[in-house]
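Student: Have a look at this one.
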Amino acid sequence: MKLTMASSPHNHSHKSLSRLMMTVIAACIPGLIAQVFFFGSAVLIQLVLALITVSACEAAVLMLRKRKVWPTLSDGSAWLTGVLLALSIPPLAPWWIIVIGCLFAIVIVKQLYGGLGFNLFNPAMAAYVLLLVSFPVQMTSWLPVSDLLASPISFSQQLSVIFNGFTSAGFSVDQLRVAIDGTTMATPLDTVKTDVAHHLTVAESMSKPLFNDWFGLGWGWVNLGFLVGGLYLLKAKIINWHIPVSFLASLAVCSGIGYIAAPGTEPGVVFHLFSGATMLGAFFIATDPVSASTTNRGRLIYGALIGLLVYLIRTFGGYPDAVAFSVLLLNMAVPLIDYYTKPRTYGHGVK
């Protein structure tokens with residue numbers, strides 16, 4: 001069975017669903033390469049675990065529902081969910097983290113609501129928030145980039161940490177997070193947020209080895225990779241421009257205003273745009289066609305509100321990054337946004 005995506009009742013794109021999903025997965029490759037380069041091959045281990053888990057979960061639920069497995073599994077939607085979740089978690093997170101996340105995303109968020117097209121929330125982000133709230137230590141244990149590690153770790157050692165919790169030499173994730181200067185490293189967003197809370201200026205915080213050219217070393221390149229992939233999706237007309245443009249513009253405006261108002265405690269526009277999951281969220285997560293707004297005006301509002309929430313949570317909330325929370329909150333608002341932004345029927349006047 002070949003599923004096609006229709007752009008309107010009269011104009012059809014004739015692109016199979018599986019081809020669209022595979023194109024989005026392929027567009028993740030530049031960001032994936034950057035993550036592997038800076039944070040190690042453990043990213044690939046998490047990716048393989050995610051793909052195996054989502055495939056098994058999707059197949060099991062389909063068999064329980066007495067549905068044919070391969071036509072649904074081969075549409076690629078479950079694989080895309082696994083890829084996005086694997087790219088969002090720390091590379092050295094325990095193996096059961098990605099397994100629990102994928103199981104929740106597929107079984108609860110997707111299939112329990114009826115499968116693709118019926119889920120209210122973005123499955124990958126719902127699973128990410130579940131993991132972050134339930135296992136905050138494991139979900140925030142990001143390593144510094146490879147160049148800053150006090151003891152570089154091999155592929156076999158990364159494999160051992162993921163499945164056993166320790167390297168062959170007995171080092172835990174917390175011990176591996178120690179950088180060359182002897183300090184325990186965090187992500188750029190978390191570092192700035194913590195330092196500002198301890199009354200340091202942004203400039204003082206960014207004098208640390210973790211930062212380079214006003215954004216976190218490695219993280220800027222990861223975001224650039226997802227930006228390249230996102231631009232390809234726009235060029236190929238896989239996604240509409242409204243959500244990513246309004247998302248990034250809103251975040252840029254908010255962070256620009258914040259920087260003007262308090263330059264000593266606000267890192268500025270470039271830092272916000274190229275840190276954390278900004279570009280991944282703008283082009284690959286917020287644009288989910290099922291859980292996002294479906295009207296053009298609604299997409300602009302939807303993206304802008306996500307950008308605003310990302311800035312507010314990053315600045316005033318308890319979590320350093322906020323893409324997942326912002327997307328889920330706006331997923332709940334989509335019916336209301338679509339209701340008030342639906343286009344007027346041709347021939348009907350404004351009341």
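Each chain of the structure tokens is named A, B, ... in the order shown, its residues numbered from 1; ligands are numbered from 1 in display order.
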Check which residues of segment 193-300 of chain A sit at most 12 Å from segment 148-171 of chain A using only C-alpha atoms, and return one row each with the closest pair of atoms and their distance in Å to one decimal, ordered by chain and rising number, as a Markdown table.
Tutor:
```
| residue | atom | partner | partner_atom | distance |
| --- | --- | --- | --- | --- |
| A:Lys208 | CA | A:Leu148 | CA | 11.1 |
| A:Pro209 | CA | A:Leu148 | CA | 7.7 |
| A:Leu210 | CA | A:Leu148 | CA | 7.7 |
| A:Phe211 | CA | A:Leu148 | CA | 10.8 |
| A:Gly216 | CA | A:Leu148 | CA | 11.9 |
| A:Leu217 | CA | A:Leu148 | CA | 9.4 |
| A:Gly218 | CA | A:Leu148 | CA | 10.5 |
```
Student: Please provide as a PyMOL selection string all residues within 9 Å of Asn240 of chain A, with the sequence filter that same-chain residues fewer than 6 positions apart are discarded (counting only C-alpha atoms).
Tutor: chain A and resi 233-234+287+296+299
Student: Mind dumping the selected residues with C-alpha atoms as a tab-separated table (two decimals), in the first residue's frame?
Tutor:
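part21.tsv written:
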```tsv
chain	number	residue	atom	x	y	z
A	233	LEU	CA	13.61	20.62	3.73
A	234	LEU	CA	12.34	24.11	2.88
A	287	THR	CA	7.03	21.46	12.03
A	296	ASN	CA	-0.72	29.60	7.44
A	299	ARG	CA	1.57	28.39	11.82
```
Student: Which one of A:Leu130, A:Ala203, A:Ile108, A:Ile238 sits closest to Arg19 of chain A if you count only C-alpha atoms?
Tutor: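 Ranked by minimum distance to Arg19 of chain A, first place goes to A:Ile238.
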Student: May I have the residues within 10 Å of Leu330 of chain A as a ChimeraX atom specification, using only C-alpha atoms and disregarding those fewer than 4 positions away in the same chain?
Tutor: /A:121,286,291-293,301-303,305-306,309,325-326,334-337
Student: Give me, please, the distance in Å between atom CA of Leu51 of chain A and atom CA of Val323 of chain A, quoted to one decimal.
Tutor: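 Rounded to one decimal, the two atoms are 22.5 Å apart.
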Student: State, in Å with one decimal place, the distance from atom CA of Ser88 of chain A to atom CA of Phe38 of chain A.
Tutor: 14.6 Å
Student: Among the residues of segment 30-234 of chain A, find those DSSP assigns to alpha helix (DSSP H) from the backbone and print them as a ChimeraX atom specification.
Tutor: /A:30-39,42-64,69-73,77-88,95-103,123-134,136-139,155-164,173-176,188-197,202-205,219-234
Student: Generate the output file for the selected residues, C-alpha atoms, as a tab-separated table (two decimals), in the first residue's frame.
Tutor:
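Once everything was written out, this is again_35.tsv:
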```tsv
chain	number	residue	atom	x	y	z
A	30	PRO	CA	24.48	17.09	8.85
A	31	GLY	CA	23.48	17.64	12.48
A	32	LEU	CA	24.11	13.99	13.30
A	33	ILE	CA	27.61	14.16	11.80
A	34	ALA	CA	28.37	17.26	13.90
A	35	GLN	CA	27.13	15.53	17.05
A	36	VAL	CA	29.26	12.44	16.38
A	37	PHE	CA	32.31	14.58	15.61
A	38	PHE	CA	32.10	16.65	18.79
A	39	PHE	CA	30.48	14.25	21.26
A	42	ALA	CA	27.94	7.00	21.38
A	43	VAL	CA	25.40	9.09	19.45
A	44	LEU	CA	25.29	6.29	16.87
A	45	ILE	CA	24.80	3.67	19.58
A	46	GLN	CA	21.77	5.56	20.89
A	47	LEU	CA	20.49	5.89	17.33
A	48	VAL	CA	20.69	2.14	16.69
A	49	LEU	CA	18.99	1.38	20.02
A	50	ALA	CA	16.23	3.86	19.17
A	51	LEU	CA	15.57	2.40	15.71
A	52	ILE	CA	15.43	-1.16	17.07
A	53	THR	CA	13.09	-0.16	19.91
A	54	VAL	CA	10.64	1.91	17.85
A	55	SER	CA	10.46	-0.85	15.23
A	56	ALA	CA	9.75	-3.52	17.85
A	57	CYS	CA	7.17	-1.37	19.66
A	58	GLU	CA	5.37	-0.37	16.48
A	59	ALA	CA	5.26	-3.97	15.26
A	60	ALA	CA	4.03	-5.31	18.61
A	61	VAL	CA	1.18	-2.80	18.88
A	62	LEU	CA	0.13	-3.33	15.26
A	63	MET	CA	-0.03	-7.08	15.81
A	64	LEU	CA	-2.14	-6.56	18.95
A	69	VAL	CA	2.90	-4.54	10.27
A	70	TRP	CA	5.08	-3.70	7.29
A	71	PRO	CA	2.83	-1.15	5.49
A	72	THR	CA	2.68	0.98	8.65
A	73	LEU	CA	6.23	0.38	9.84
A	77	SER	CA	7.17	7.79	10.98
A	78	ALA	CA	8.28	5.56	13.88
A	79	TRP	CA	11.88	5.66	12.66
A	80	LEU	CA	11.80	9.45	12.50
A	81	THR	CA	10.53	9.56	16.09
A	82	GLY	CA	13.41	7.33	17.15
A	83	VAL	CA	15.97	9.46	15.32
A	84	LEU	CA	14.72	12.71	16.88
A	85	LEU	CA	14.69	11.24	20.37
A	86	ALA	CA	18.17	9.73	19.97
A	87	LEU	CA	19.51	13.12	18.86
A	88	SER	CA	17.94	14.82	21.88
A	95	TRP	CA	20.59	2.13	27.38
A	96	TRP	CA	17.28	1.90	29.20
A	97	ILE	CA	16.71	5.65	28.86
A	98	ILE	CA	16.30	5.50	25.09
A	99	VAL	CA	14.33	2.24	25.35
A	100	ILE	CA	11.80	3.71	27.81
A	101	GLY	CA	11.55	6.91	25.76
A	102	CYS	CA	10.90	5.09	22.49
A	103	LEU	CA	8.39	2.74	24.11
A	123	PRO	CA	5.78	11.74	20.23
A	124	ALA	CA	9.53	12.42	20.47
A	125	MET	CA	9.10	15.54	22.60
A	126	ALA	CA	6.48	13.94	24.86
A	127	ALA	CA	8.92	11.10	25.49
A	128	TYR	CA	11.78	13.54	26.06
A	129	VAL	CA	9.81	15.44	28.70
A	130	LEU	CA	8.81	12.18	30.40
A	131	LEU	CA	12.47	11.16	30.59
A	132	LEU	CA	13.64	14.59	31.73
A	133	VAL	CA	11.09	14.76	34.54
A	134	SER	CA	11.56	11.12	35.60
A	136	PRO	CA	16.81	14.32	35.47
A	137	VAL	CA	20.34	13.18	36.36
A	138	GLN	CA	20.73	10.85	33.39
A	139	MET	CA	19.05	13.31	31.02
A	155	PHE	CA	34.12	3.51	21.16
A	156	SER	CA	34.38	0.39	23.32
A	157	GLN	CA	34.50	2.52	26.47
A	158	GLN	CA	31.43	4.49	25.35
A	159	LEU	CA	29.63	1.21	24.70
A	160	SER	CA	30.57	0.02	28.18
A	161	VAL	CA	29.27	3.20	29.82
A	162	ILE	CA	25.93	2.97	28.02
A	163	PHE	CA	25.32	-0.69	28.95
A	164	ASN	CA	27.25	-1.03	32.24
A	173	VAL	CA	29.72	9.39	33.47
A	174	ASP	CA	30.21	12.02	36.21
A	175	GLN	CA	33.95	11.31	36.25
A	176	LEU	CA	34.14	11.49	32.47
A	188	PRO	CA	26.48	26.05	27.41
A	189	LEU	CA	22.87	26.95	28.27
A	190	ASP	CA	23.14	25.37	31.70
A	191	THR	CA	26.55	26.92	32.36
A	192	VAL	CA	25.39	30.46	31.58
A	193	LYS	CA	22.17	30.03	33.54
A	194	THR	CA	24.01	28.71	36.60
A	195	ASP	CA	26.77	31.34	36.45
A	196	VAL	CA	24.30	34.21	36.14
A	197	ALA	CA	22.40	32.83	39.14
A	202	VAL	CA	27.71	36.55	30.80
A	203	ALA	CA	31.16	37.69	29.69
A	204	GLU	CA	32.75	36.08	32.75
A	205	SER	CA	30.83	32.87	32.15
A	219	TRP	CA	26.94	23.18	19.92
A	220	GLY	CA	27.13	25.98	17.36
A	221	TRP	CA	28.25	23.49	14.69
A	222	VAL	CA	25.51	21.02	15.68
A	223	ASN	CA	22.89	23.75	15.28
A	224	LEU	CA	24.46	24.82	12.00
A	225	GLY	CA	24.15	21.21	10.79
A	226	PHE	CA	20.45	21.12	11.58
A	227	LEU	CA	20.03	24.55	9.97
A	228	VAL	CA	21.53	23.18	6.74
A	229	GLY	CA	19.20	20.19	6.89
A	230	GLY	CA	16.24	22.42	7.63
A	231	LEU	CA	16.97	24.69	4.69
A	232	TYR	CA	17.06	21.63	2.47
A	233	LEU	CA	13.61	20.62	3.73
A	234	LEU	CA	12.34	24.11	2.88
```
Student: Hey, which of A:Leu143, A:Ala249, A:Leu17, A:Ala261 ends up closest to Gly117 of chain A? Count only C-alpha atoms.
Tutor: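 Closest residue, counting only C-alpha atoms: A:Leu17.
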Student: Determine which residues of segment 137-335 of chain A receive a DSSP assignment of strand (DSSP E), computed from the backbone, and state them as a ChimeraX atom specification.
Tutor: /A:211-212,215-216
Student: Smallest atom-to-atom distance to Val253 of chain A: which of A:Gly281, A:Ile313, A:Met21, A:Gly307, using only C-alpha atoms?
Tutor: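 Between A:Gly281, A:Ile313, A:Met21, A:Gly307, the residue approaching Val253 of chain A most closely is A:Gly307.
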